[in-house]
Amino acid sequence: LYVGQIRARIVRVWETFHGSPSPPLPDCLVRVVQGSRGEVLDVTVTNCEIDEPTRHLVRRAVRAAAPLPAPPTELRGLSTIELRLPAAS
C-alpha cells in the first residue's frame, strides 16, 4: 500500500509534466533514498532501456513527488524504497 501511494504520486507528477494524454512511464526499477520528513535525497533508475534524457525525466518526477507520504509504523526508519514503474503487474 505504501509503495502504491508513492507510485501514484510519481504517476501524477509524470502526467503533469507531459499534459494529457501523457506518454506512459517507462518500465523501470527505481530506488529512492528518503529523509525522515519524506524528502527525496537520491534517486536511481535501473533495469530499463531508456535514453539519458528520459532517465532524467523519471528522476525529476520522483523528486517532484516529494514529500513522500509517511511510512507505516513498521517501515519507519527505512530510508531506501524500491519500486517498479509504471506499476507492478
# chains A, B, ... in the order shown; residues from 1 in each chain; ligands from 1

call {"tool": "residues_around", "arguments": {"residues": "segment 35-46 of chain A", "least_positions_apart": "2", "cutoff": "9 Å", "atoms": "only C-alpha atoms", "output": "MDAnalysis selection string"}}
result
chainID A and resid 28:33 48:49 55:56 58:60 62:71 76:79

call {"tool": "select_by_dssp", "arguments": {"residues": "chain A", "states": "helix (DSSP H, G or I)", "output": "number ranges by chain"}}
result
A: 2-18, 52-64, 73-75

call {"tool": "residues_around", "arguments": {"residues": "Pro26 of chain A", "least_positions_apart": "6", "cutoff": "8 Å", "atoms": "only C-alpha atoms", "output": "JSON, numbers by chain"}}
result
{"A": [48, 50, 85, 86]}

call {"tool": "closest_residue", "arguments": {"among": "A:Val13, A:Pro23, A:Arg7, A:Thr73", "to": "Thr54 of chain A", "atoms": "only C-alpha atoms"}}
result
A:Pro23

call {"tool": "atom_distance", "arguments": {"atom1": "atom CA of His18 of chain A", "atom2": "atom CA of Glu82 of chain A"}}
result
24.0 Å

call {"tool": "closest_residue", "arguments": {"among": "A:Thr16, A:Gln34, A:Leu57, A:Asn47", "to": "Thr80 of chain A", "atoms": "only C-alpha atoms"}}
result
A:Gln34

call {"tool": "select_by_dssp", "arguments": {"residues": "chain A", "states": "strand (DSSP E)", "output": "PyMOL selection string"}}
result
chain A and resi 28-34+40-46+80-85

call {"tool": "write_last_selection", "arguments": {"atoms": "N, CA, C and O atoms", "output": "compact mmCIF listing (two decimals), in the first residue's frame"}}
result
# COMPACT_ATOMS: atom_id res chain seq x y z
N CYS A 28 10.68 0.68 -15.39
CA CYS A 28 11.99 0.76 -14.74
C CYS A 28 11.90 0.39 -13.27
O CYS A 28 10.84 0.49 -12.66
N LEU A 29 13.02 0.02 -12.71
CA LEU A 29 13.15 -0.15 -11.27
C LEU A 29 13.72 1.16 -10.74
O LEU A 29 14.70 1.68 -11.26
N VAL A 30 13.07 1.71 -9.71
CA VAL A 30 13.50 2.98 -9.13
C VAL A 30 13.83 2.75 -7.67
O VAL A 30 13.05 2.16 -6.93
N ARG A 31 15.02 3.21 -7.27
CA ARG A 31 15.44 3.18 -5.87
C ARG A 31 15.43 4.60 -5.36
O ARG A 31 16.09 5.47 -5.92
N VAL A 32 14.68 4.83 -4.29
CA VAL A 32 14.54 6.17 -3.72
C VAL A 32 15.09 6.17 -2.30
O VAL A 32 14.70 5.33 -1.48
N VAL A 33 16.02 7.09 -2.04
CA VAL A 33 16.50 7.29 -0.68
C VAL A 33 15.75 8.50 -0.15
O VAL A 33 15.78 9.57 -0.75
N GLN A 34 15.05 8.30 0.98
CA GLN A 34 14.23 9.37 1.53
C GLN A 34 14.73 9.78 2.91
O GLN A 34 15.29 8.98 3.64
N VAL A 40 13.12 13.57 -0.80
CA VAL A 40 13.85 12.63 -1.65
C VAL A 40 15.31 13.07 -1.66
O VAL A 40 15.63 14.17 -2.10
N LEU A 41 16.19 12.20 -1.18
CA LEU A 41 17.61 12.52 -1.10
C LEU A 41 18.38 12.02 -2.31
O LEU A 41 19.37 12.62 -2.70
N ASP A 42 17.93 10.91 -2.89
CA ASP A 42 18.62 10.35 -4.05
C ASP A 42 17.65 9.46 -4.81
O ASP A 42 16.76 8.85 -4.21
N VAL A 43 17.84 9.40 -6.13
CA VAL A 43 17.01 8.56 -6.99
C VAL A 43 17.93 7.82 -7.96
O VAL A 43 18.77 8.44 -8.61
N THR A 44 17.75 6.51 -8.06
CA THR A 44 18.47 5.70 -9.03
C THR A 44 17.45 4.99 -9.90
O THR A 44 16.52 4.37 -9.39
N VAL A 45 17.63 5.09 -11.22
CA VAL A 45 16.73 4.46 -12.18
C VAL A 45 17.52 3.36 -12.88
O VAL A 45 18.54 3.62 -13.51
N THR A 46 17.05 2.11 -12.75
CA THR A 46 17.77 0.97 -13.34
C THR A 46 16.81 0.02 -14.03
O THR A 46 15.59 0.18 -13.97
N THR A 80 15.51 3.55 2.25
CA THR A 80 15.55 3.21 0.83
C THR A 80 14.31 2.41 0.45
O THR A 80 13.98 1.43 1.10
N ILE A 81 13.66 2.86 -0.61
CA ILE A 81 12.46 2.19 -1.12
C ILE A 81 12.74 1.81 -2.56
O ILE A 81 13.27 2.61 -3.32
N GLU A 82 12.36 0.60 -2.94
CA GLU A 82 12.46 0.16 -4.32
C GLU A 82 11.07 -0.05 -4.85
O GLU A 82 10.23 -0.64 -4.19
N LEU A 83 10.83 0.47 -6.06
CA LEU A 83 9.54 0.23 -6.69
C LEU A 83 9.71 0.11 -8.19
O LEU A 83 10.65 0.61 -8.77
N ARG A 84 8.76 -0.58 -8.78
CA ARG A 84 8.74 -0.77 -10.22
C ARG A 84 7.80 0.25 -10.82
O ARG A 84 6.69 0.42 -10.33
N LEU A 85 8.25 0.97 -11.82
CA LEU A 85 7.39 1.87 -12.57
C LEU A 85 7.15 1.25 -13.93
O LEU A 85 8.03 0.60 -14.47
